[in-house]
$ cat data.txt   # compact mmCIF, C-alpha atoms
# COMPACT_ATOMS: atom_id res chain seq x y z
CA MET A 28 -22.97 -20.25 -6.84
CA LYS A 29 -19.17 -20.25 -6.55
CA ILE A 30 -17.28 -17.09 -5.62
CA LEU A 31 -13.51 -16.83 -5.81
CA VAL A 32 -11.85 -14.24 -3.56
CA THR A 33 -8.25 -13.39 -4.47
CA ASP A 34 -6.01 -11.33 -2.22
CA ASP A 35 -2.60 -11.90 -0.66
CA SER A 36 -3.93 -10.54 2.62
CA LYS A 37 -5.93 -12.92 4.74
CA MET A 38 -7.59 -9.94 6.38
CA ALA A 39 -8.64 -8.48 3.04
CA ARG A 40 -10.12 -11.83 1.98
CA LYS A 41 -12.00 -12.06 5.27
CA MET A 42 -13.38 -8.56 4.75
CA VAL A 43 -14.71 -9.42 1.30
CA ILE A 44 -16.18 -12.69 2.57
CA LYS A 45 -17.86 -10.94 5.51
CA THR A 46 -19.36 -8.31 3.19
CA LEU A 47 -20.56 -11.13 0.93
CA GLN A 48 -22.23 -12.85 3.87
CA ASP A 49 -23.97 -9.62 4.82
CA ALA A 50 -25.07 -8.97 1.24
CA ILE A 51 -26.28 -12.39 0.17
CA ASN A 52 -29.71 -13.58 1.22
CA ASN A 53 -31.38 -16.86 0.35
CA ILE A 54 -28.71 -17.91 -2.10
CA ASN A 55 -26.46 -20.90 -1.62
CA TYR A 56 -22.89 -20.06 -2.35
CA GLU A 57 -19.43 -21.49 -1.91
CA VAL A 58 -16.37 -19.33 -1.36
CA LEU A 59 -12.96 -20.24 -2.74
CA GLU A 60 -9.87 -18.32 -1.66
CA ALA A 61 -6.66 -17.59 -3.56
CA GLN A 62 -3.56 -15.86 -2.19
CA ASN A 63 -2.18 -14.63 -5.50
CA GLY A 64 -2.97 -14.38 -9.18
CA GLU A 65 -1.50 -17.75 -10.05
CA GLU A 66 -3.59 -19.56 -7.44
CA SER A 67 -6.61 -17.63 -8.65
CA LEU A 68 -6.03 -18.64 -12.27
CA ASN A 69 -5.61 -22.30 -11.30
CA LEU A 70 -8.72 -22.27 -9.11
CA TYR A 71 -10.65 -20.57 -11.88
CA LYS A 72 -9.67 -23.27 -14.38
CA GLU A 73 -10.62 -26.00 -11.92
CA HIS A 74 -13.90 -24.62 -10.54
CA LYS A 75 -15.16 -22.04 -13.06
CA PRO A 76 -16.56 -19.75 -10.34
CA ASN A 77 -19.48 -17.44 -11.13
CA ILE A 78 -17.72 -14.38 -9.74
CA VAL A 79 -14.06 -13.56 -9.06
CA PHE A 80 -13.00 -10.79 -6.70
CA MET A 81 -9.44 -9.83 -7.58
CA ASP A 82 -6.83 -7.70 -5.81
CA LEU A 83 -4.13 -6.09 -8.00
CA THR A 84 -0.95 -5.81 -5.93
CA MET A 85 0.06 -9.38 -5.13
CA PRO A 86 3.22 -11.48 -5.16
CA VAL A 87 3.90 -14.34 -7.62
CA MET A 88 1.35 -13.08 -10.17
CA ASP A 89 -0.38 -9.73 -9.85
CA GLY A 90 -4.05 -9.08 -10.47
CA PHE A 91 -3.53 -7.49 -13.90
CA GLU A 92 -1.87 -10.63 -15.25
CA ALA A 93 -4.32 -12.96 -13.51
CA LEU A 94 -7.27 -11.02 -14.95
CA LYS A 95 -5.75 -11.16 -18.44
CA ARG A 96 -5.15 -14.89 -18.24
CA ILE A 97 -8.54 -15.70 -16.77
CA LYS A 98 -10.21 -13.73 -19.58
CA GLU A 99 -8.05 -15.54 -22.15
CA PHE A 100 -9.20 -18.84 -20.66
CA ASP A 101 -12.85 -17.80 -20.39
CA ASN A 102 -13.97 -14.65 -22.11
CA SER A 103 -17.24 -14.67 -20.16
CA ALA A 104 -15.48 -14.68 -16.75
CA LYS A 105 -16.94 -12.12 -14.35
CA VAL A 106 -14.03 -10.50 -12.59
CA ILE A 107 -14.47 -7.65 -10.13
CA VAL A 108 -11.25 -5.87 -9.20
CA ILE A 109 -11.02 -4.65 -5.60
CA SER A 110 -7.90 -2.58 -5.12
CA ALA A 111 -6.27 0.18 -3.13
CA ASP A 112 -4.57 1.26 -6.35
CA ILE A 113 -7.20 3.73 -7.44
CA GLN A 114 -5.14 5.50 -10.07
CA LYS A 115 -7.08 6.27 -13.22
CA GLN A 116 -4.53 4.38 -15.31
CA ALA A 117 -5.01 1.27 -13.18
CA MET A 118 -8.78 1.50 -13.57
CA ASP A 119 -8.51 2.02 -17.33
CA ARG A 120 -6.15 -0.92 -17.66
CA VAL A 121 -8.36 -3.40 -15.79
CA ARG A 122 -11.35 -2.30 -17.84
CA GLU A 123 -9.37 -2.86 -21.03
CA LEU A 124 -8.46 -6.30 -19.75
CA GLY A 125 -12.14 -7.08 -19.33
CA ALA A 126 -12.92 -6.56 -15.66
CA LEU A 127 -16.59 -6.10 -15.00
CA ASN A 128 -16.08 -3.51 -12.31
CA PHE A 129 -13.40 -1.72 -10.31
CA VAL A 130 -14.04 -1.18 -6.61
CA LYS A 131 -11.95 0.83 -4.20
CA LYS A 132 -10.79 -1.10 -1.15
CA PRO A 133 -12.37 -1.84 1.24
CA ILE A 134 -15.60 -2.85 -0.49
CA ASP A 135 -18.67 -1.77 1.45
CA LEU A 136 -22.00 -3.51 1.80
CA LYS A 137 -23.86 -1.18 -0.55
CA LYS A 138 -21.35 -1.66 -3.36
CA MET A 139 -21.34 -5.41 -2.83
CA GLN A 140 -25.13 -5.52 -3.01
CA GLN A 141 -25.11 -3.47 -6.23
CA ILE A 142 -22.59 -5.81 -7.80
CA LEU A 143 -24.49 -8.94 -6.82
CA VAL A 144 -27.83 -7.55 -7.97
CA ASN A 145 -26.34 -6.65 -11.36
CA LEU A 146 -24.72 -10.05 -11.74
CA ILE A 147 -27.65 -12.14 -10.61
CA SER A 148 -30.27 -10.23 -12.52
CA MET B 5 8.91 -3.70 28.50
CA CYS B 6 5.53 -4.78 27.10
CA ASN B 7 5.28 -7.12 24.16
CA ILE B 8 6.21 -4.99 21.16
CA GLU B 9 5.82 -7.65 18.53
CA LEU B 10 3.07 -8.18 15.99
CA THR B 11 1.45 -11.55 15.42
CA GLU B 12 1.09 -12.77 11.84
CA ASP B 13 -2.59 -11.73 11.81
CA GLU B 14 -1.78 -8.28 13.20
CA LYS B 15 0.97 -7.84 10.63
CA ASP B 16 -1.32 -8.93 7.81
CA CYS B 17 -4.02 -6.55 9.02
CA LEU B 18 -1.61 -3.60 9.26
CA GLN B 19 -0.15 -4.43 5.85
CA GLU B 20 -3.61 -4.37 4.34
CA LEU B 21 -4.51 -1.06 6.00
CA MET B 22 -1.24 0.40 4.75
CA ASN B 23 -1.91 -0.92 1.27
CA VAL B 24 -5.23 0.92 1.19
CA ALA B 25 -3.76 4.07 2.75
CA TYR B 26 -0.79 4.15 0.42
CA GLY B 27 -3.05 3.49 -2.56
CA SER B 28 -5.04 6.65 -1.81
CA ALA B 29 -1.89 8.68 -1.42
CA THR B 30 -0.32 7.36 -4.58
CA ALA B 31 -3.44 8.17 -6.56
CA ALA B 32 -3.10 11.77 -5.40
CA ILE B 33 0.54 11.88 -6.49
CA THR B 34 -0.10 10.31 -9.87
CA GLU B 35 -2.76 12.87 -10.59
CA ILE B 36 -0.09 15.51 -10.14
CA PHE B 37 2.37 13.66 -12.37
CA ASP B 38 -0.19 12.32 -14.81
CA ALA B 39 1.80 9.10 -14.91
CA PHE B 40 1.24 5.53 -13.79
CA ALA B 41 2.95 4.54 -10.57
CA LYS B 42 3.63 0.99 -9.50
CA LEU B 43 2.66 0.13 -5.95
CA SER B 44 4.69 -2.33 -3.95
CA ILE B 45 3.28 -4.48 -1.18
CA PRO B 46 4.10 -2.69 2.09
CA THR B 47 6.73 -4.40 4.21
CA ILE B 48 6.23 -4.36 7.96
CA LYS B 49 9.05 -4.95 10.41
CA ILE B 50 9.69 -4.22 14.07
CA ILE B 51 13.36 -3.84 14.83
CA ASP B 52 15.57 -2.56 17.64
CA ALA B 53 16.08 1.17 17.03
CA LEU B 54 19.81 0.60 17.37
CA TYR B 55 19.74 -1.35 14.11
CA LEU B 56 17.80 1.27 12.13
CA LYS B 57 20.87 2.59 10.33
CA ASP B 58 22.03 -0.92 9.46
CA TYR B 59 18.57 -1.69 8.13
CA LEU B 60 18.39 1.43 5.97
CA SER B 61 21.92 0.96 4.79
CA HIS B 62 21.01 -2.52 3.61
CA GLU B 63 17.77 -1.41 1.95
CA LEU B 64 19.10 1.63 0.11
CA ASN B 65 22.11 2.23 -2.03
CA PHE B 66 23.95 4.98 -0.23
CA LYS B 67 26.77 5.10 -2.75
CA GLU B 68 24.82 7.92 -4.35
CA GLU B 69 23.43 11.07 -2.82
CA HIS B 70 19.93 10.85 -1.34
CA PHE B 71 17.36 13.37 -0.23
CA VAL B 72 15.78 12.48 3.08
CA ALA B 73 12.55 14.28 3.94
CA SER B 74 11.11 13.73 7.41
CA GLN B 75 7.81 14.70 8.95
CA GLN B 76 6.79 14.21 12.56
CA ILE B 77 3.45 12.55 13.29
CA ASN B 78 1.82 13.57 16.54
CA GLY B 79 -1.04 12.01 18.48
CA PRO B 80 -1.69 8.48 19.74
CA LEU B 81 -0.06 7.38 16.50
CA ASN B 82 3.25 9.02 17.16
CA GLY B 83 6.32 8.83 15.03
CA GLU B 84 7.91 9.95 11.85
CA ASN B 85 7.47 9.65 8.11
CA MET B 86 10.68 9.40 6.20
CA PHE B 87 10.68 9.73 2.42
CA ILE B 88 13.99 8.78 0.84
CA ILE B 89 14.75 9.41 -2.80
CA ASN B 90 18.03 9.34 -4.68
CA LYS B 91 19.20 12.50 -6.38
CA LYS B 92 18.62 11.25 -9.92
CA SER B 93 15.02 10.29 -9.17
CA ALA B 94 14.43 13.58 -7.40
CA ALA B 95 15.78 15.45 -10.42
CA ASN B 96 13.51 13.42 -12.75
CA MET B 97 10.60 14.26 -10.48
CA SER B 98 11.45 17.96 -10.78
CA ILE B 99 11.65 17.75 -14.58
CA LYS B 100 8.17 16.28 -14.54
CA PHE B 101 7.11 19.43 -12.71
CA GLY B 102 8.29 21.52 -15.64
CA PHE B 103 11.89 22.33 -14.79
CA SER B 104 14.43 21.83 -17.53
CA ASP B 105 17.60 19.85 -16.93
CA ASP B 106 19.93 22.83 -16.84
CA GLU B 107 17.92 25.05 -14.54
CA ILE B 108 17.28 22.70 -11.64
CA SER B 109 18.95 23.76 -8.45
CA ASN B 110 19.21 21.67 -5.31
CA GLU B 111 16.86 24.14 -3.71
CA ASP B 112 14.17 23.48 -6.35
CA ILE B 113 14.58 19.74 -5.97
CA CYS B 114 14.26 20.08 -2.19
CA ASP B 115 11.08 22.15 -2.55
CA ILE B 116 9.46 19.61 -4.84
CA THR B 117 10.57 16.64 -2.75
CA LEU B 118 9.16 18.31 0.37
CA GLU B 119 5.85 18.89 -1.36
CA ILE B 120 5.65 15.30 -2.55
CA THR B 121 6.61 14.06 0.91
CA ASN B 122 3.92 16.17 2.48
CA ILE B 123 1.21 14.86 0.14
CA LEU B 124 2.34 11.25 0.19
CA SER B 125 3.07 10.99 3.90
CA SER B 126 0.14 12.92 5.25
CA SER B 127 -2.37 11.27 2.90
CA THR B 128 -1.10 7.83 3.87
CA ILE B 129 -1.13 8.46 7.61
CA SER B 130 -4.43 10.36 7.52
CA LYS B 131 -6.08 7.39 5.84
CA LEU B 132 -4.51 4.95 8.29
CA ALA B 133 -5.62 7.15 11.21
CA GLU B 134 -9.16 7.26 9.82
CA ASP B 135 -9.24 3.47 9.47
CA ILE B 136 -8.05 2.87 13.03
CA LYS B 137 -10.30 5.67 14.31
CA THR B 138 -7.77 8.08 15.70
CA ASN B 139 -6.52 11.58 14.98
CA VAL B 140 -3.06 12.74 14.05
CA SER B 141 -1.36 16.01 13.33
CA PHE B 142 1.77 16.66 11.33
CA SER B 143 4.70 18.96 11.69
CA ALA B 144 6.12 20.60 8.58
CA PRO B 145 8.49 18.28 6.74
CA THR B 146 12.19 18.98 6.73
CA ILE B 147 14.76 17.81 4.22
CA LYS B 148 18.45 17.17 4.00
CA THR B 149 20.84 15.49 1.63
CA ILE B 150 23.01 12.64 2.74
CA SER B 151 25.63 10.59 0.98
CA SER B 152 26.34 8.19 3.79
CA ILE B 153 24.12 6.44 6.30
CA ASN B 154 26.21 7.96 9.10
CA GLN B 155 24.85 11.39 8.15
CA LEU B 156 21.36 10.29 9.05
CA ASN B 157 20.65 11.67 12.49
CA ASN B 158 17.31 10.21 13.32
CA LEU B 159 15.67 10.87 16.65
CA PHE B 160 14.47 7.29 16.91
CA ILE B 161 17.95 6.01 17.25
CA SER B 162 18.40 7.72 20.59
CA ASN B 163 14.85 8.00 21.91
CA TYR B 164 13.25 4.62 21.39
CA LYS B 165 14.05 0.99 21.90
CA LYS B 166 11.92 -0.40 19.08
CA VAL B 167 10.67 1.02 15.81
CA ILE B 168 8.01 -0.33 13.54
CA ILE B 169 9.08 0.13 9.96
CA ILE B 170 6.43 0.22 7.28
CA SER B 171 8.16 0.61 3.97
CA THR B 172 6.72 0.99 0.51
CA LYS B 173 8.26 1.75 -2.85
CA LEU B 174 7.01 4.40 -5.21
CA GLU B 175 8.08 3.59 -8.75
CA PHE B 176 7.24 5.49 -11.88
CA ASP B 177 8.79 3.23 -14.48
CA ASP B 178 8.41 5.61 -17.38
CA LEU B 179 9.92 8.49 -15.46
CA ASN B 180 12.70 6.56 -13.76
CA ILE B 181 11.60 7.73 -10.35
CA HIS B 182 12.12 5.35 -7.44
CA ALA B 183 11.59 6.29 -3.83
CA GLU B 184 10.77 4.70 -0.51
CA LEU B 185 8.48 5.82 2.25
CA PHE B 186 9.27 4.63 5.77
CA ILE B 187 6.90 5.14 8.66
CA LEU B 188 8.63 4.84 11.99
CA THR B 189 6.59 4.74 15.16
CA THR B 190 7.37 4.81 18.84
CA ASP B 191 7.08 1.99 21.36
CA ASN B 192 3.78 3.30 22.74
CA SER B 193 2.36 3.71 19.26
CA ILE B 194 3.14 0.09 18.45
CA LEU B 195 1.04 -0.95 21.45
CA PHE B 196 -1.71 1.47 20.39
CA ILE B 197 -1.69 0.09 16.84
CA LYS B 198 -1.79 -3.49 18.18
CA GLU B 199 -4.87 -2.69 20.22
CA LYS B 200 -6.61 -1.11 17.23
CA LEU B 201 -5.66 -3.95 14.90
CA ASN B 202 -7.10 -6.49 17.32
CA LYS B 203 -10.33 -4.56 17.50
CA ILE B 204 -10.58 -4.72 13.70
CA LEU B 205 -9.68 -8.42 13.66
CA ASP B 206 -12.26 -9.22 16.37
CA GLU B 207 -14.96 -7.61 14.27
CA LEU B 208 -14.22 -9.77 11.23

$ encode --input "data.txt" --output "structure tokens"
Amino acid sequence: MKILVTDDSKMARKMVIKTLQDAINNINYEVLEAQNGEESLNLYKEHKPNIVFMDLTMPVMDGFEALKRIKEFDNSAKVIVISADIQKQAMDRVRELGALNFVKKPIDLKKMQQILVNLIS
Amino acid sequence: MCNIELTEDEKDCLQELMNVAYGSATAAITEIFDAFAKLSIPTIKIIDALYLKDYLSHELNFKEEHFVASQQINGPLNGENMFIINKKSAANMSIKFGFSDDEISNEDICDITLEITNILSSSTISKLAEDIKTNVSFSAPTIKTISSINQLNNLFISNYKKVIIISTKLEFDDLNIHAELFILTTDNSILFIKEKLNKILDEL
């Protein structure tokens, strides 16, 4: 399984990856990291990851645009937005753009487990 | 003087914590306005306090009148929140609260700006304090109007050698409201924050 973690903050990426490690048992997975939406889009096209974790506020290309372009490229892409921007309008917009879920930063173990269970089952 | 600098990892960690904290605060504000706000990535800088005015002067356009609302932060995280908004944006913010163009007085604008400062600043810092496991208290915010950087009499300029500046923009595109929140902390607080950030980084 390939998982793409997109965030301009190294710390935020590490936090997601650590929560992933704690949540995943007995499954082989590979983590790819992107620092902005553009990198994420390019990595998605190259690797077709099974799950994408996407921040919203990023330089170069923000998460809204990256989500839109990933979904245009692959309508079945599974993108989970993890953001500090928890405004209702932001949540509505990412859902309209096709995100599978919207999670408030920082993601906790329970939420991560729920997401993975839903995706894998 | 101890080392009052942040490493790249410490800066990244603080930026991320501020991003989360500011996100919570902005959500609270947008509920009040019922409008979508754009979040900027927080900028973190440590500068000599002597250069604070130069820094602000460069960052903000002081050709027009600005409202400056300040609120003291007390506790291990010690410092000041400073919310700066130009008069036009502050007036637009007041209209959004139901005032009509011709009835807004400076006093009304000040009241609304103070309220917004209180919500935005205290929510942001409370969340940051929670994340770094400390407690803070706030003094009541005060406000003044300035039309030149020289009118800004900030206590940091005389009391501290270094200030950490965490700045974020609050932009409501549809409402033409643009404002900046600066969080200025004391020398000792910078060392306290460093210690807390390293604890978080060690646990990753």

$ closest_residue --input "data.txt" --among "B:Ile89, B:Ala39, B:Ile170, B:Leu10" --to "chain A" --atoms "only C-alpha atoms"
B:Ala39

$ closest_residue --input "data.txt" --among "A:Glu99, A:Asn77, A:Val106, A:Leu70" --to "Val130 in chain A" --atoms "only C-alpha atoms"
A:Val106

$ atom_distance --input "data.txt" --atom1 "CA of Glu69 in chain B" --atom2 "CA of Thr149 in chain B"
6.8 Å

$ interface_residues --input "data.txt" --of "chain B" --to "chain A" --cutoff "8 Å" --atoms "all atoms listed in the file" --output "ChimeraX atom specification"
/B:13,16-17,19-20,23-28,30-31,34-35,39-40,43-45,205,208

$ axis_aligned_box --input "data.txt" --around "range 60-77 of chain A" --padding-each-side "3 Å" --output "JSON"
{"center_x": -10.5, "center_y": -20.2, "center_z": -8.0, "size_x": 24.0, "size_y": 17.6, "size_z": 18.7}

$ atom_distance --input "data.txt" --atom1 "CA of Glu57 in chain A" --atom2 "CA of Gln141 in chain A"
19.4 Å

$ residues_around --input "data.txt" --residues "Ala73 in chain B" --least-positions-apart "5" --cutoff "7 Å" --atoms "all atoms listed in the file" --output "PyMOL selection string"
chain B and resi 86-88+118+121+145-148

$ write_last_selection --input "data.txt" --atoms "C-alpha atoms" --output "PDB file, in the coordinates of the input"
ATOM      1  CA  MET B  86      10.680   9.400   6.200  1.00  0.00           C
ATOM      2  CA  PHE B  87      10.680   9.730   2.420  1.00  0.00           C
ATOM      3  CA  ILE B  88      13.990   8.780   0.840  1.00  0.00           C
ATOM      4  CA  LEU B 118       9.160  18.310   0.370  1.00  0.00           C
ATOM      5  CA  THR B 121       6.610  14.060   0.910  1.00  0.00           C
ATOM      6  CA  PRO B 145       8.490  18.280   6.740  1.00  0.00           C
ATOM      7  CA  THR B 146      12.190  18.980   6.730  1.00  0.00           C
ATOM      8  CA  ILE B 147      14.760  17.810   4.220  1.00  0.00           C
ATOM      9  CA  LYS B 148      18.450  17.170   4.000  1.00  0.00           C
TER      10      LYS B 148
END

$ atom_distance --input "data.txt" --atom1 "CA of Pro46 in chain B" --atom2 "CA of Leu18 in chain B"
9.2 Å

$ residues_around --input "data.txt" --residues "Lys198 in chain B" --least-positions-apart "2" --cutoff "9 Å" --atoms "all atoms listed in the file" --output "ChimeraX atom specification"
/B:8-10,14,18,193-196,200-203

$ closest_residue --input "data.txt" --among "B:Phe103, B:Tyr164, B:Phe176, B:Phe66" --to "Leu188 in chain B" --atoms "only C-alpha atoms"
B:Tyr164

$ residues_near_point --input "data.txt" --point "(17.6, -2.3, 16.2)" --cutoff "12 Å" --atoms "only C-alpha atoms" --output "PyMOL selection string"
chain B and resi 49-60+160-162+164-169

$ build_atoms --input "data.txt" --residues "range 76-97 of chain B" --atoms "N, CA, C and O atoms" --output "PDB file, in the coordinates of the input"
ATOM      1  N   GLN B  76       7.245  14.778  11.286  1.00  0.00           N
ATOM      2  CA  GLN B  76       6.790  14.210  12.560  1.00  0.00           C
ATOM      3  C   GLN B  76       5.289  13.967  12.528  1.00  0.00           C
ATOM      4  O   GLN B  76       4.531  14.760  11.972  1.00  0.00           O
ATOM      5  N   ILE B  77       4.878  12.859  13.130  1.00  0.00           N
ATOM      6  CA  ILE B  77       3.450  12.550  13.290  1.00  0.00           C
ATOM      7  C   ILE B  77       3.167  12.641  14.787  1.00  0.00           C
ATOM      8  O   ILE B  77       3.883  12.039  15.589  1.00  0.00           O
ATOM      9  N   ASN B  78       2.134  13.392  15.123  1.00  0.00           N
ATOM     10  CA  ASN B  78       1.820  13.570  16.540  1.00  0.00           C
ATOM     11  C   ASN B  78       0.414  13.075  16.856  1.00  0.00           C
ATOM     12  O   ASN B  78      -0.475  13.165  16.023  1.00  0.00           O
ATOM     13  N   GLY B  79       0.245  12.569  18.055  1.00  0.00           N
ATOM     14  CA  GLY B  79      -1.040  12.010  18.480  1.00  0.00           C
ATOM     15  C   GLY B  79      -0.803  10.616  19.034  1.00  0.00           C
ATOM     16  O   GLY B  79       0.352  10.222  19.251  1.00  0.00           O
ATOM     17  N   PRO B  80      -1.889   9.841  19.230  1.00  0.00           N
ATOM     18  CA  PRO B  80      -1.690   8.480  19.740  1.00  0.00           C
ATOM     19  C   PRO B  80      -0.810   7.660  18.782  1.00  0.00           C
ATOM     20  O   PRO B  80      -0.077   6.764  19.199  1.00  0.00           O
ATOM     21  N   LEU B  81      -0.946   7.990  17.500  1.00  0.00           N
ATOM     22  CA  LEU B  81      -0.060   7.380  16.500  1.00  0.00           C
ATOM     23  C   LEU B  81       1.102   8.348  16.339  1.00  0.00           C
ATOM     24  O   LEU B  81       1.015   9.336  15.638  1.00  0.00           O
ATOM     25  N   ASN B  82       2.175   8.055  17.038  1.00  0.00           N
ATOM     26  CA  ASN B  82       3.250   9.020  17.160  1.00  0.00           C
ATOM     27  C   ASN B  82       4.507   8.492  16.485  1.00  0.00           C
ATOM     28  O   ASN B  82       4.881   7.345  16.698  1.00  0.00           O
ATOM     29  N   GLY B  83       5.113   9.316  15.684  1.00  0.00           N
ATOM     30  CA  GLY B  83       6.320   8.830  15.030  1.00  0.00           C
ATOM     31  C   GLY B  83       6.804   9.761  13.948  1.00  0.00           C
ATOM     32  O   GLY B  83       6.695  10.982  14.069  1.00  0.00           O
ATOM     33  N   GLU B  84       7.272   9.152  12.884  1.00  0.00           N
ATOM     34  CA  GLU B  84       7.910   9.950  11.850  1.00  0.00           C
ATOM     35  C   GLU B  84       7.748   9.297  10.480  1.00  0.00           C
ATOM     36  O   GLU B  84       7.883   8.082  10.350  1.00  0.00           O
ATOM     37  N   ASN B  85       7.423  10.113   9.498  1.00  0.00           N
ATOM     38  CA  ASN B  85       7.470   9.650   8.110  1.00  0.00           C
ATOM     39  C   ASN B  85       8.827   9.999   7.544  1.00  0.00           C
ATOM     40  O   ASN B  85       9.326  11.098   7.774  1.00  0.00           O
ATOM     41  N   MET B  86       9.387   9.099   6.811  1.00  0.00           N
ATOM     42  CA  MET B  86      10.680   9.400   6.200  1.00  0.00           C
ATOM     43  C   MET B  86      10.608   8.990   4.720  1.00  0.00           C
ATOM     44  O   MET B  86      10.405   7.822   4.404  1.00  0.00           O
ATOM     45  N   PHE B  87      10.738   9.971   3.858  1.00  0.00           N
ATOM     46  CA  PHE B  87      10.680   9.730   2.420  1.00  0.00           C
ATOM     47  C   PHE B  87      12.106   9.848   1.897  1.00  0.00           C
ATOM     48  O   PHE B  87      12.744  10.887   2.063  1.00  0.00           O
ATOM     49  N   ILE B  88      12.590   8.778   1.304  1.00  0.00           N
ATOM     50  CA  ILE B  88      13.990   8.780   0.840  1.00  0.00           C
ATOM     51  C   ILE B  88      14.020   8.566  -0.674  1.00  0.00           C
ATOM     52  O   ILE B  88      13.446   7.618  -1.191  1.00  0.00           O
ATOM     53  N   ILE B  89      14.704   9.479  -1.332  1.00  0.00           N
ATOM     54  CA  ILE B  89      14.750   9.410  -2.800  1.00  0.00           C
ATOM     55  C   ILE B  89      16.166   9.752  -3.257  1.00  0.00           C
ATOM     56  O   ILE B  89      16.805  10.665  -2.704  1.00  0.00           O
ATOM     57  N   ASN B  90      16.669   9.022  -4.228  1.00  0.00           N
ATOM     58  CA  ASN B  90      18.030   9.340  -4.680  1.00  0.00           C
ATOM     59  C   ASN B  90      17.987  10.589  -5.568  1.00  0.00           C
ATOM     60  O   ASN B  90      16.936  10.982  -6.073  1.00  0.00           O
ATOM     61  N   LYS B  91      19.151  11.192  -5.725  1.00  0.00           N
ATOM     62  CA  LYS B  91      19.200  12.500  -6.380  1.00  0.00           C
ATOM     63  C   LYS B  91      18.691  12.447  -7.820  1.00  0.00           C
ATOM     64  O   LYS B  91      17.991  13.356  -8.274  1.00  0.00           O
ATOM     65  N   LYS B  92      19.031  11.368  -8.514  1.00  0.00           N
ATOM     66  CA  LYS B  92      18.620  11.250  -9.920  1.00  0.00           C
ATOM     67  C   LYS B  92      17.088  11.200 -10.026  1.00  0.00           C
ATOM     68  O   LYS B  92      16.481  11.872 -10.868  1.00  0.00           O
ATOM     69  N   SER B  93      16.485  10.388  -9.156  1.00  0.00           N
ATOM     70  CA  SER B  93      15.020  10.290  -9.170  1.00  0.00           C
ATOM     71  C   SER B  93      14.387  11.620  -8.808  1.00  0.00           C
ATOM     72  O   SER B  93      13.381  12.022  -9.408  1.00  0.00           O
ATOM     73  N   ALA B  94      14.974  12.293  -7.826  1.00  0.00           N
ATOM     74  CA  ALA B  94      14.430  13.580  -7.400  1.00  0.00           C
ATOM     75  C   ALA B  94      14.520  14.600  -8.535  1.00  0.00           C
ATOM     76  O   ALA B  94      13.604  15.405  -8.748  1.00  0.00           O
ATOM     77  N   ALA B  95      15.615  14.536  -9.291  1.00  0.00           N
ATOM     78  CA  ALA B  95      15.780  15.450 -10.420  1.00  0.00           C
ATOM     79  C   ALA B  95      14.737  15.130 -11.506  1.00  0.00           C
ATOM     80  O   ALA B  95      14.113  16.026 -12.072  1.00  0.00           O
ATOM     81  N   ASN B  96      14.516  13.822 -11.764  1.00  0.00           N
ATOM     82  CA  ASN B  96      13.510  13.420 -12.750  1.00  0.00           C
ATOM     83  C   ASN B  96      12.116  13.883 -12.333  1.00  0.00           C
ATOM     84  O   ASN B  96      11.294  14.272 -13.167  1.00  0.00           O
ATOM     85  N   MET B  97      11.882  13.819 -11.018  1.00  0.00           N
ATOM     86  CA  MET B  97      10.600  14.260 -10.480  1.00  0.00           C
ATOM     87  C   MET B  97      10.426  15.765 -10.732  1.00  0.00           C
ATOM     88  O   MET B  97       9.347  16.224 -11.108  1.00  0.00           O
TER      89      MET B  97
END
